[in-house]
$ cat run.txt   # compact mmCIF, C-alpha atoms
# COMPACT_ATOMS: atom_id res chain seq x y z
CA MET A 6 47.23 2.00 49.78
CA ASP A 7 43.62 1.72 50.95
CA ASP A 8 42.33 -1.56 52.33
CA ILE A 9 40.05 -2.39 49.39
CA LEU A 10 42.82 -1.99 46.82
CA ALA A 11 45.17 -4.05 48.99
CA GLY A 12 42.52 -6.77 49.34
CA ILE A 13 41.89 -7.00 45.60
CA SER A 14 45.57 -7.22 44.71
CA GLU A 15 46.23 -9.84 47.40
CA PHE A 16 43.26 -11.96 46.27
CA ALA A 17 44.34 -11.70 42.64
CA CYS A 18 47.91 -12.74 43.32
CA GLU A 19 47.46 -15.34 46.05
CA LEU A 20 44.30 -17.34 45.20
CA THR A 21 44.99 -20.90 44.07
CA TYR A 22 42.78 -23.55 42.53
CA GLU A 23 43.16 -25.67 45.65
CA ASP A 24 41.86 -22.79 47.80
CA VAL A 25 38.48 -22.75 46.07
CA PRO A 26 35.49 -24.81 47.29
CA GLU A 27 34.07 -27.27 44.76
CA SER A 28 30.79 -25.36 44.48
CA ALA A 29 32.59 -22.19 43.38
CA LEU A 30 34.79 -24.12 40.92
CA THR A 31 31.67 -25.64 39.35
CA ALA A 32 29.99 -22.24 39.12
CA ALA A 33 33.06 -20.74 37.45
CA LYS A 34 33.25 -23.54 34.88
CA GLU A 35 29.53 -23.18 34.11
CA ARG A 36 29.90 -19.45 33.50
CA LEU A 37 32.98 -19.91 31.34
CA ILE A 38 31.12 -22.36 29.09
CA ASP A 39 27.95 -20.25 29.07
CA THR A 40 29.92 -17.14 28.09
CA LEU A 41 31.80 -18.92 25.31
CA GLY A 42 28.50 -20.12 23.89
CA SER A 43 27.06 -16.61 24.03
CA ALA A 44 30.13 -15.28 22.24
CA LEU A 45 30.31 -17.87 19.46
CA GLY A 46 26.61 -17.35 18.75
CA ALA A 47 27.39 -13.74 17.84
CA TYR A 48 30.68 -14.31 16.02
CA GLU A 49 29.69 -12.25 12.98
CA CYS A 50 27.50 -9.59 14.60
CA ASP A 51 27.66 -5.90 13.64
CA THR A 52 29.44 -4.68 16.77
CA VAL A 53 32.17 -7.29 16.31
CA ALA A 54 32.62 -6.18 12.70
CA VAL A 55 33.11 -2.58 13.83
CA GLY A 56 35.54 -3.68 16.53
CA ARG A 57 37.53 -5.84 14.12
CA SER A 58 38.01 -2.84 11.84
CA MET A 59 39.79 -1.05 14.69
CA VAL A 60 42.10 -3.86 15.83
CA SER A 61 45.79 -3.16 15.29
CA PRO A 62 48.93 -5.32 15.24
CA PRO A 63 50.75 -5.66 18.59
CA SER A 64 53.55 -3.21 19.30
CA ASN A 65 57.01 -4.40 20.27
CA THR A 66 56.40 -3.69 23.94
CA GLY A 67 52.60 -3.93 24.24
CA LEU A 68 50.38 -6.81 25.36
CA VAL A 69 49.41 -9.42 22.78
CA GLY A 70 45.91 -10.87 22.47
CA ARG A 71 43.63 -12.88 20.21
CA ILE A 72 40.07 -12.74 18.97
CA LEU A 73 37.99 -15.76 19.96
CA GLY A 74 38.19 -18.42 17.27
CA GLU A 75 41.35 -17.03 15.67
CA ASN A 76 45.07 -17.72 16.03
CA LYS A 77 46.41 -14.40 14.80
CA ASP A 78 48.10 -12.05 17.28
CA TYR A 79 46.88 -8.46 17.71
CA ALA A 80 47.16 -5.72 20.30
CA ALA A 81 45.44 -7.15 23.37
CA ASP A 82 43.27 -4.14 24.16
CA GLY A 83 41.66 -4.30 20.71
CA THR A 84 40.95 -8.03 20.90
CA ALA A 85 39.55 -7.59 24.41
CA PHE A 86 37.07 -5.06 22.99
CA VAL A 87 36.05 -7.39 20.14
CA ASN A 88 35.66 -10.43 22.41
CA THR A 89 33.47 -8.49 24.82
CA CYS A 90 31.28 -7.17 21.99
CA MET A 91 30.92 -10.77 20.84
CA LEU A 92 29.90 -12.24 24.18
CA ARG A 93 27.50 -9.34 24.93
CA ASN A 94 25.71 -9.07 21.60
CA LEU A 95 22.95 -11.61 22.18
CA ASP A 96 22.40 -10.39 25.75
CA PHE A 97 22.59 -14.06 26.72
CA ASN A 98 25.49 -14.08 29.21
CA ASP A 99 25.10 -14.14 32.99
CA SER A 100 23.40 -11.43 35.00
CA PHE A 101 23.67 -10.09 38.54
CA PRO A 102 21.53 -7.13 39.72
CA GLY A 103 23.45 -4.15 38.37
CA CYS A 104 25.87 -5.85 35.96
CA HIS A 105 26.81 -8.75 33.70
CA PRO A 106 29.89 -10.14 35.52
CA SER A 107 30.96 -12.33 32.62
CA ASP A 108 31.55 -9.23 30.50
CA GLY A 109 34.96 -9.28 32.18
CA LEU A 110 35.83 -12.57 30.49
CA GLY A 111 36.36 -10.75 27.21
CA GLY A 112 39.71 -9.61 28.58
CA LEU A 113 40.68 -13.08 29.73
CA PHE A 114 39.70 -14.63 26.39
CA SER A 115 42.04 -12.10 24.78
CA VAL A 116 45.25 -12.71 26.74
CA ALA A 117 44.89 -16.28 28.05
CA PRO A 118 45.67 -18.09 24.76
CA VAL A 119 48.87 -16.10 24.26
CA ALA A 120 49.90 -16.45 27.90
CA GLY A 121 49.45 -20.22 27.58
CA ILE A 122 47.83 -20.69 30.99
CA SER A 123 46.23 -23.95 32.10
CA GLY A 124 42.52 -24.59 32.35
CA LYS A 125 42.77 -24.45 36.12
CA GLU A 126 44.43 -21.03 35.96
CA LEU A 127 41.67 -19.80 33.65
CA VAL A 128 39.07 -20.93 36.21
CA VAL A 129 40.96 -19.11 38.98
CA ALA A 130 41.18 -15.96 36.84
CA THR A 131 37.43 -16.18 36.19
CA LEU A 132 36.79 -16.33 39.93
CA ILE A 133 39.06 -13.33 40.53
CA SER A 134 37.17 -11.34 37.91
CA HIS A 135 33.64 -12.29 39.01
CA GLU A 136 34.28 -11.94 42.73
CA THR A 137 35.84 -8.48 42.31
CA ILE A 138 33.10 -7.21 39.98
CA MET A 139 30.27 -8.51 42.13
CA ARG A 140 31.74 -7.00 45.29
CA HIS A 141 31.57 -3.53 43.75
CA ILE A 142 27.89 -4.08 42.88
CA MET A 143 27.19 -5.44 46.36
CA ALA A 144 28.95 -2.46 47.94
CA ALA A 145 26.94 0.03 45.86
CA ASN A 146 24.92 -0.61 42.69
CA PRO A 147 26.08 2.04 40.20
CA GLY A 148 22.84 1.85 38.21
CA GLU A 149 20.89 3.21 41.17
CA HIS A 150 23.01 6.38 41.11
CA GLY A 151 23.13 7.16 37.39
CA PHE A 152 26.36 5.29 36.64
CA ASP A 153 26.87 2.26 34.43
CA GLN A 154 28.61 -0.99 35.34
CA GLY A 155 31.89 -0.21 33.55
CA THR A 156 33.82 0.67 36.71
CA ALA A 157 33.00 -2.67 38.32
CA ILE A 158 33.83 -4.59 35.15
CA ALA A 159 37.13 -2.75 34.67
CA MET A 160 38.46 -3.46 38.16
CA GLY A 161 37.65 -7.16 37.78
CA VAL A 162 39.40 -7.34 34.42
CA ALA A 163 42.47 -5.52 35.74
CA ALA A 164 42.75 -7.95 38.66
CA SER A 165 42.25 -11.11 36.59
CA VAL A 166 44.41 -10.12 33.61
CA SER A 167 47.19 -9.06 36.00
CA ARG A 168 47.03 -12.57 37.46
CA VAL A 169 47.20 -14.24 34.05
CA LEU A 170 50.20 -12.14 33.04
CA GLY A 171 52.06 -12.68 36.32
CA LEU A 172 52.16 -9.11 37.58
CA SER A 173 53.37 -8.51 41.13
CA ARG A 174 50.99 -7.51 43.89
CA GLU A 175 52.18 -3.90 43.62
CA GLN A 176 51.76 -3.83 39.83
CA THR A 177 48.31 -5.40 40.15
CA ALA A 178 47.27 -2.69 42.61
CA HIS A 179 48.36 0.00 40.15
CA ALA A 180 46.44 -1.67 37.31
CA VAL A 181 43.27 -1.95 39.41
CA SER A 182 43.58 1.63 40.60
CA ILE A 183 44.06 3.05 37.10
CA SER A 184 41.13 0.98 35.81
CA THR A 185 38.86 2.07 38.66
CA VAL A 186 39.45 5.83 38.46
CA GLY A 187 39.52 5.82 34.65
CA ASN A 188 36.20 4.10 33.87
CA MET A 189 33.26 6.04 35.28
CA GLN A 190 30.46 5.48 32.74
CA LEU A 191 26.95 6.99 32.66
CA ARG A 192 23.82 4.83 32.65
CA ALA A 193 22.52 6.84 29.70
CA THR A 194 23.88 3.86 27.79
CA ARG A 195 20.79 1.88 28.89
CA SER A 196 18.06 4.53 28.73
CA GLY A 197 15.62 5.49 25.98
CA GLU A 198 16.05 4.01 22.52
CA LEU A 199 19.00 1.67 22.95
CA SER A 200 21.82 1.68 20.42
CA MET A 201 24.60 -0.71 19.50
CA TRP A 202 26.52 0.87 22.39
CA LYS A 203 24.35 -1.02 24.90
CA GLY A 204 26.39 -4.11 24.07
CA CYS A 205 29.71 -2.30 23.79
CA ALA A 206 29.97 0.02 26.79
CA THR A 207 31.53 -2.62 28.98
CA ALA A 208 33.72 -3.66 26.04
CA LEU A 209 35.35 -0.25 26.25
CA ALA A 210 35.86 -0.69 30.01
CA VAL A 211 37.44 -4.12 29.36
CA ARG A 212 39.68 -2.66 26.67
CA ASN A 213 40.77 0.15 28.97
CA ALA A 214 41.46 -2.29 31.81
CA VAL A 215 43.69 -4.48 29.63
CA TYR A 216 45.55 -1.35 28.52
CA ALA A 217 45.90 -0.32 32.18
CA VAL A 218 47.48 -3.69 32.97
CA GLY A 219 50.00 -3.04 30.21
CA LEU A 220 50.74 0.39 31.66
CA ALA A 221 51.23 -1.02 35.16
CA LYS A 222 53.48 -3.78 33.84
CA ALA A 223 55.59 -1.11 32.10
CA GLY A 224 55.96 0.90 35.32
CA MET A 225 52.95 3.25 35.45
CA THR A 226 51.63 3.98 38.95
CA GLY A 227 48.05 4.70 39.96
CA PRO A 228 46.36 6.60 42.82
CA PRO A 229 47.03 4.77 46.12
CA GLU A 230 43.50 5.32 47.48
CA PRO A 231 41.01 4.97 44.61
CA PHE A 232 38.31 3.61 46.95
CA ARG A 233 38.62 5.12 50.43
CA GLY A 234 40.63 8.25 49.66
CA ARG A 235 39.32 11.76 49.12
CA ASP A 236 37.20 11.87 45.94
CA GLY A 237 37.59 8.11 45.62
CA LEU A 238 34.85 5.71 44.54
CA ALA A 239 33.24 5.50 47.99
CA ASP A 240 32.75 9.27 48.02
CA HIS A 241 30.31 8.98 45.12
CA TYR A 242 27.83 6.76 46.96
CA PRO A 243 25.76 7.40 50.12
CA SER A 244 27.18 4.15 51.48
CA PHE A 245 29.85 1.80 50.19
CA GLU A 246 30.08 -1.45 52.17
CA TRP A 247 32.83 -3.62 50.70
CA THR A 248 32.75 -7.36 51.44
CA SER A 249 36.16 -8.86 52.22
CA PHE A 250 37.51 -11.78 50.19
CA GLY A 251 37.90 -15.24 51.68
CA THR A 252 38.20 -18.90 50.74
CA LEU A 253 35.23 -20.40 52.58
CA GLU A 254 32.22 -21.53 50.55
CA ASP A 255 30.13 -18.54 51.69
CA ASP A 256 32.90 -16.14 50.63
CA PHE A 257 32.33 -16.89 46.94
CA HIS A 258 29.39 -15.20 45.21
CA ILE A 259 29.88 -16.33 41.61
CA ALA A 260 26.97 -18.79 41.76
CA LYS A 261 24.66 -15.78 42.32
CA ALA A 262 25.42 -14.57 38.80
CA ASN A 263 22.29 -15.91 37.13
CA LEU A 264 22.30 -17.78 33.83
CA LYS A 265 19.58 -17.03 31.26
CA PHE A 266 17.18 -19.30 29.41
CA TRP A 267 16.16 -16.69 26.82
CA ALA A 268 18.38 -14.07 25.13
CA VAL A 269 16.56 -11.10 26.63
CA ALA A 270 17.13 -8.89 29.67
CA TYR A 271 17.20 -10.97 32.84
CA GLN A 272 14.13 -9.21 34.25
CA MET A 273 12.30 -10.22 31.05
CA GLN A 274 12.82 -13.98 31.46
CA ALA A 275 9.44 -14.25 33.20
CA ALA A 276 7.74 -12.12 30.54
CA ALA A 277 9.10 -14.45 27.86
CA TRP A 278 7.78 -17.52 29.65
CA CYS A 279 4.39 -15.89 30.27
CA GLY A 280 3.94 -15.04 26.59
CA ILE A 281 5.01 -18.50 25.46
CA GLU A 282 2.74 -20.30 27.93
CA LEU A 283 -0.17 -17.99 27.09
CA SER A 284 0.26 -18.82 23.40
CA LYS A 285 -0.71 -22.41 24.22
CA GLN A 286 -4.02 -21.28 25.71
CA VAL A 287 -5.31 -18.41 23.56
CA ASN A 288 -5.13 -17.06 20.03
CA ALA A 289 -3.23 -13.78 20.03
CA ASP A 290 -5.75 -12.23 17.61
CA ASP A 291 -8.51 -12.80 20.17
CA VAL A 292 -6.71 -10.81 22.88
CA ALA A 293 -7.77 -7.19 23.39
CA SER A 294 -5.29 -6.35 26.16
CA ILE A 295 -3.04 -7.93 28.75
CA ALA A 296 -2.54 -6.59 32.26
CA VAL A 297 1.00 -7.17 33.52
CA GLU A 298 2.27 -6.98 37.07
CA ALA A 299 6.02 -6.46 37.37
CA ASN A 300 8.54 -5.45 39.99
CA GLU A 301 9.69 -1.85 40.09
CA PHE A 302 13.02 -2.37 38.32
CA ALA A 303 11.46 -4.44 35.51
CA HIS A 304 9.00 -1.62 34.85
CA PHE A 305 11.70 1.06 35.12
CA GLU A 306 14.08 -0.62 32.70
CA SER A 307 11.68 -2.27 30.29
CA GLY A 308 8.32 -0.50 30.34
CA SER A 309 8.59 3.06 31.63
CA GLU A 310 9.83 4.77 28.42
CA PRO A 311 8.03 5.32 25.09
CA ALA A 312 10.88 3.61 23.22
CA LYS A 313 10.18 0.34 25.02
CA TRP A 314 6.60 0.39 23.63
CA ASP A 315 7.76 0.93 20.05
CA PRO A 316 11.23 -0.61 19.80
CA GLN A 317 13.17 0.24 16.65
CA THR A 318 16.45 -1.54 17.46
CA LYS A 319 17.45 -5.02 18.58
CA GLU A 320 18.95 -3.55 21.73
CA THR A 321 15.65 -1.89 22.67
CA ALA A 322 13.52 -4.90 21.73
CA ASP A 323 15.37 -7.41 23.93
CA HIS A 324 14.86 -5.00 26.86
CA SER A 325 11.18 -4.28 26.11
CA LEU A 326 8.59 -5.95 28.32
CA PRO A 327 5.67 -5.44 25.90
CA TYR A 328 7.71 -6.64 22.92
CA VAL A 329 9.10 -9.75 24.62
CA LEU A 330 5.66 -10.70 25.96
CA ALA A 331 3.92 -10.05 22.63
CA TRP A 332 6.49 -11.96 20.59
CA GLY A 333 6.25 -14.98 22.87
CA LEU A 334 2.46 -14.88 22.63
CA ARG A 335 2.44 -14.69 18.83
CA HIS A 336 5.25 -17.14 18.07
CA GLY A 337 5.44 -19.55 21.01
CA ALA A 338 9.23 -19.08 21.36
CA ILE A 339 11.85 -16.33 21.32
CA GLY A 340 14.83 -16.87 19.03
CA THR A 341 17.25 -14.58 17.25
CA ASP A 342 14.62 -13.99 14.54
CA ALA A 343 12.71 -11.91 17.09
CA PHE A 344 15.38 -9.22 16.87
CA LEU A 345 15.90 -8.91 13.12
CA PRO A 346 15.17 -5.39 11.76
CA GLU A 347 12.08 -6.61 9.87
CA SER A 348 10.69 -8.16 13.07

$ encode --input "run.txt" --output "structure tokens"
Amino acid sequence: MDDILAGISEFACELTYEDVPESALTAAKERLIDTLGSALGAYECDTVAVGRSMVSPPSNTGLVGRILGENKDYAADGTAFVNTCMLRNLDFNDSFPGCHPSDGLGGLFSVAPVAGISGKELVVATLISHETIMRHIMAANPGEHGFDQGTAIAMGVAASVSRVLGLSREQTAHAVSISTVGNMQLRATRSGELSMWKGCATALAVRNAVYAVGLAKAGMTGPPEPFRGRDGLADHYPSFEWTSFGTLEDDFHIAKANLKFWAVAYQMQAAAWCGIELSKQVNADDVASIAVEANEFAHFESGSEPAKWDPQTKETADHSLPYVLAWGLRHGAIGTDAFLPES
């Protein structure tokens, strides 16, 4: 077993609430509440409706899960997909350069109610998920190499769900390994005209990770060196510098997962504020043009493609610098009405 896989499984199985500094506990609680709010605000969205239509009853031997806000039992992988679609739809949950770490909570929200864990255990599981996901992004940002964030999300879900369900360290390692090698997604998800899939790609990774936990619990084994071994994850990046886990305050990175004020791409928070503040000073109809200075990534993601200058979908509009700025200027705020089809 390679050292990264061993480290993740040990952290997932051994971390206790008492081990965690108060600052990290507070950050975890904040992100749990923030993510629940993001999810409940999109309870009836289109992607959730599609996901619900695919949810099946639990099998006799499979994992059981629930959809947020419901008490009915379903197959856990399906509910994990639905919950993640729900919390992602508004694009309001936390953000870290290269991923949305709280996407992984869709898996925890699925299995935790059935497992009957305590609030403290849910906080610990949240930390396991976030810290694992963010370490992948810190080691190598997949978006900079044409990959999407699904691999990082999946390994965090596998580690945290394994903890909630009481898997052994060996079983946890198998679940993380299967999830890591089985979820290499392309960043085409977030390029050009964005589709509903922009808010669902990580939902598939979460679903697959929950299923992988079930496989590992039933006896399935995974590759022993998914990170350091030949053709492992590290081989796909020019450098892959993994940060070891620990229990000191500086060892926890969850507080670096930024919370949003507006339900738009994180790089567009400033554009939203600029448009809103400008609306207090000028009449939009009197403006001929606006010159915008932005960092390289903001331009790449939100202004470098024709689709971002003529958005035709909600998913494109909330990632469009010109649209977000113009809407703020014309309306003095950015709410969900900004992303209705007629808008």

$ residues_around --input "run.txt" --residues "A:Thr21" --least-positions-apart "5" --cutoff "12 Å" --atoms "all atoms listed in the file" --output "list in words"
Glu15, Phe16, Pro26, Leu30, Lys125, Glu126, Leu127, Val128, Val129, Ala130, Thr131, Leu132, Ile133, Arg168, Gly251 and Thr252 of chain A

$ closest_residue --input "run.txt" --among "A:Cys18, A:Val69, A:Ala44, A:Val269" --to "A:Lys319" --atoms "only C-alpha atoms"
A:Val269

$ residues_around --input "run.txt" --residues "A:Leu10" --least-positions-apart "5" --cutoff "12 Å" --atoms "all atoms listed in the file" --output "PyMOL selection string"
chain A and resi 15-17+137+141+160-161+163-164+174-186+227-234+237-238+247+249-250

$ closest_residue --input "run.txt" --among "A:His135, A:Arg93, A:Arg195, A:Lys77" --to "A:Lys34" --atoms "all atoms listed in the file"
A:His135

$ residues_around --input "run.txt" --residues "stretch 289-299 of chain A" --least-positions-apart "4" --cutoff "9 Å" --atoms "all atoms listed in the file" --output "compact mmCIF listing (two decimals) with C-alpha atoms, in the frame of the given file"
# COMPACT_ATOMS: atom_id res chain seq x y z
CA ALA A 276 7.74 -12.12 30.54
CA LEU A 283 -0.17 -17.99 27.09
CA SER A 284 0.26 -18.82 23.40
CA ALA A 303 11.46 -4.44 35.51
CA HIS A 304 9.00 -1.62 34.85
CA ALA A 331 3.92 -10.05 22.63
CA LEU A 334 2.46 -14.88 22.63
CA ARG A 335 2.44 -14.69 18.83

$ closest_residue --input "run.txt" --among "A:Ser200, A:Ser134, A:Thr207, A:Gln272" --to "A:Ala85" --atoms "only C-alpha atoms"
A:Thr207

$ atom_distance --input "run.txt" --atom1 "atom CA of A:Phe97" --atom2 "atom CA of A:Ile122"
26.4 Å

$ axis_aligned_box --input "run.txt" --around "stretch 205-216 of chain A" --padding-each-side "4 Å" --output "lines of an AutoDock Vina configuration file"
center_x = 37.6
center_y = -2.2
center_z = 27.8
size_x = 23.8
size_y = 12.6
size_z = 16.0

$ residues_around --input "run.txt" --residues "A:Pro346" --least-positions-apart "3" --cutoff "9 Å" --atoms "only C-alpha atoms" --output "list in words"
Gln317, Thr318, Lys319 and Ala343 of chain A

$ atom_distance --input "run.txt" --atom1 "atom CA of A:Leu110" --atom2 "atom CA of A:Ala217"
15.9 Å

$ atom_distance --input "run.txt" --atom1 "atom CA of A:Phe344" --atom2 "atom CA of A:Asp153"
23.9 Å

$ residues_around --input "run.txt" --residues "A:Pro63" --least-positions-apart "3" --cutoff "8 Å" --atoms "all atoms listed in the file" --output "PyMOL selection string"
chain A and resi 67-69+78-81

$ write_last_selection --input "run.txt" --atoms "C-alpha atoms" --output "PDB file, keeping the file's coordinate frame"
ATOM      1  CA  GLY A  67      52.600  -3.930  24.240  1.00  0.00           C
ATOM      2  CA  LEU A  68      50.380  -6.810  25.360  1.00  0.00           C
ATOM      3  CA  VAL A  69      49.410  -9.420  22.780  1.00  0.00           C
ATOM      4  CA  ASP A  78      48.100 -12.050  17.280  1.00  0.00           C
ATOM      5  CA  TYR A  79      46.880  -8.460  17.710  1.00  0.00           C
ATOM      6  CA  ALA A  80      47.160  -5.720  20.300  1.00  0.00           C
ATOM      7  CA  ALA A  81      45.440  -7.150  23.370  1.00  0.00           C
TER       8      ALA A  81
END

$ closest_residue --input "run.txt" --among "A:Leu95, A:Ala208, A:Ala275, A:Leu170" --to "A:Ala322" --atoms "all atoms listed in the file"
A:Leu95

$ closest_atom_pairs --input "run.txt" --of "stretch 12-38 of chain A" --to "stretch 254-264 of chain A" --cutoff "10 Å" --atoms "all atoms listed in the file" --output "Markdown table"
| residue | atom | partner | partner_atom | distance |
| --- | --- | --- | --- | --- |
| A:Val25 | CA | A:Glu254 | CA | 7.8 |
| A:Pro26 | CA | A:Glu254 | CA | 5.7 |
| A:Glu27 | CA | A:Glu254 | CA | 8.4 |
| A:Ser28 | CA | A:Glu254 | CA | 7.3 |
| A:Ala29 | CA | A:Phe257 | CA | 6.4 |
| A:Leu30 | CA | A:Ile259 | CA | 9.2 |
| A:Thr31 | CA | A:Ala260 | CA | 8.6 |
| A:Ala32 | CA | A:Ala260 | CA | 5.3 |
| A:Ala33 | CA | A:Ile259 | CA | 6.8 |
| A:Glu35 | CA | A:Leu264 | CA | 9.0 |
| A:Arg36 | CA | A:Leu264 | CA | 7.8 |

$ decode --input "run.txt" --residues "stretch 109-120 of chain A" --atoms "N, CA, C and O atoms" --output "compact mmCIF listing (two decimals), in the first residue's frame"
# COMPACT_ATOMS: atom_id res chain seq x y z
N GLY A 109 -18.69 16.87 -1.50
CA GLY A 109 -18.56 15.56 -0.87
C GLY A 109 -19.60 15.30 0.21
O GLY A 109 -19.84 14.14 0.58
N LEU A 110 -20.23 16.36 0.73
CA LEU A 110 -21.20 16.18 1.80
C LEU A 110 -22.49 15.53 1.31
O LEU A 110 -23.27 15.03 2.11
N GLY A 111 -22.70 15.51 -0.01
CA GLY A 111 -23.88 14.83 -0.53
C GLY A 111 -23.89 13.36 -0.16
O GLY A 111 -24.96 12.78 0.08
N GLY A 112 -22.72 12.75 -0.09
CA GLY A 112 -22.62 11.35 0.32
C GLY A 112 -22.90 11.18 1.79
O GLY A 112 -23.59 10.24 2.21
N LEU A 113 -22.38 12.10 2.60
CA LEU A 113 -22.62 12.02 4.05
C LEU A 113 -24.09 12.25 4.37
O LEU A 113 -24.67 11.57 5.23
N PHE A 114 -24.72 13.23 3.70
CA PHE A 114 -26.13 13.49 3.94
C PHE A 114 -26.99 12.29 3.56
O PHE A 114 -28.11 12.15 4.05
N SER A 115 -26.49 11.45 2.67
CA SER A 115 -27.22 10.25 2.27
C SER A 115 -27.19 9.17 3.35
O SER A 115 -28.23 8.65 3.75
N VAL A 116 -26.01 8.84 3.86
CA VAL A 116 -25.88 7.68 4.74
C VAL A 116 -25.97 8.01 6.22
O VAL A 116 -26.33 7.15 7.03
N ALA A 117 -25.66 9.25 6.61
CA ALA A 117 -25.60 9.59 8.04
C ALA A 117 -26.94 9.39 8.76
O ALA A 117 -26.95 8.86 9.88
N PRO A 118 -28.09 9.78 8.18
CA PRO A 118 -29.34 9.60 8.92
C PRO A 118 -29.66 8.13 9.19
O PRO A 118 -30.20 7.79 10.25
N VAL A 119 -29.34 7.26 8.23
CA VAL A 119 -29.62 5.83 8.41
C VAL A 119 -28.63 5.21 9.40
O VAL A 119 -29.00 4.36 10.21
N ALA A 120 -27.37 5.67 9.33
CA ALA A 120 -26.36 5.14 10.25
C ALA A 120 -26.61 5.60 11.68
O ALA A 120 -26.14 4.97 12.63
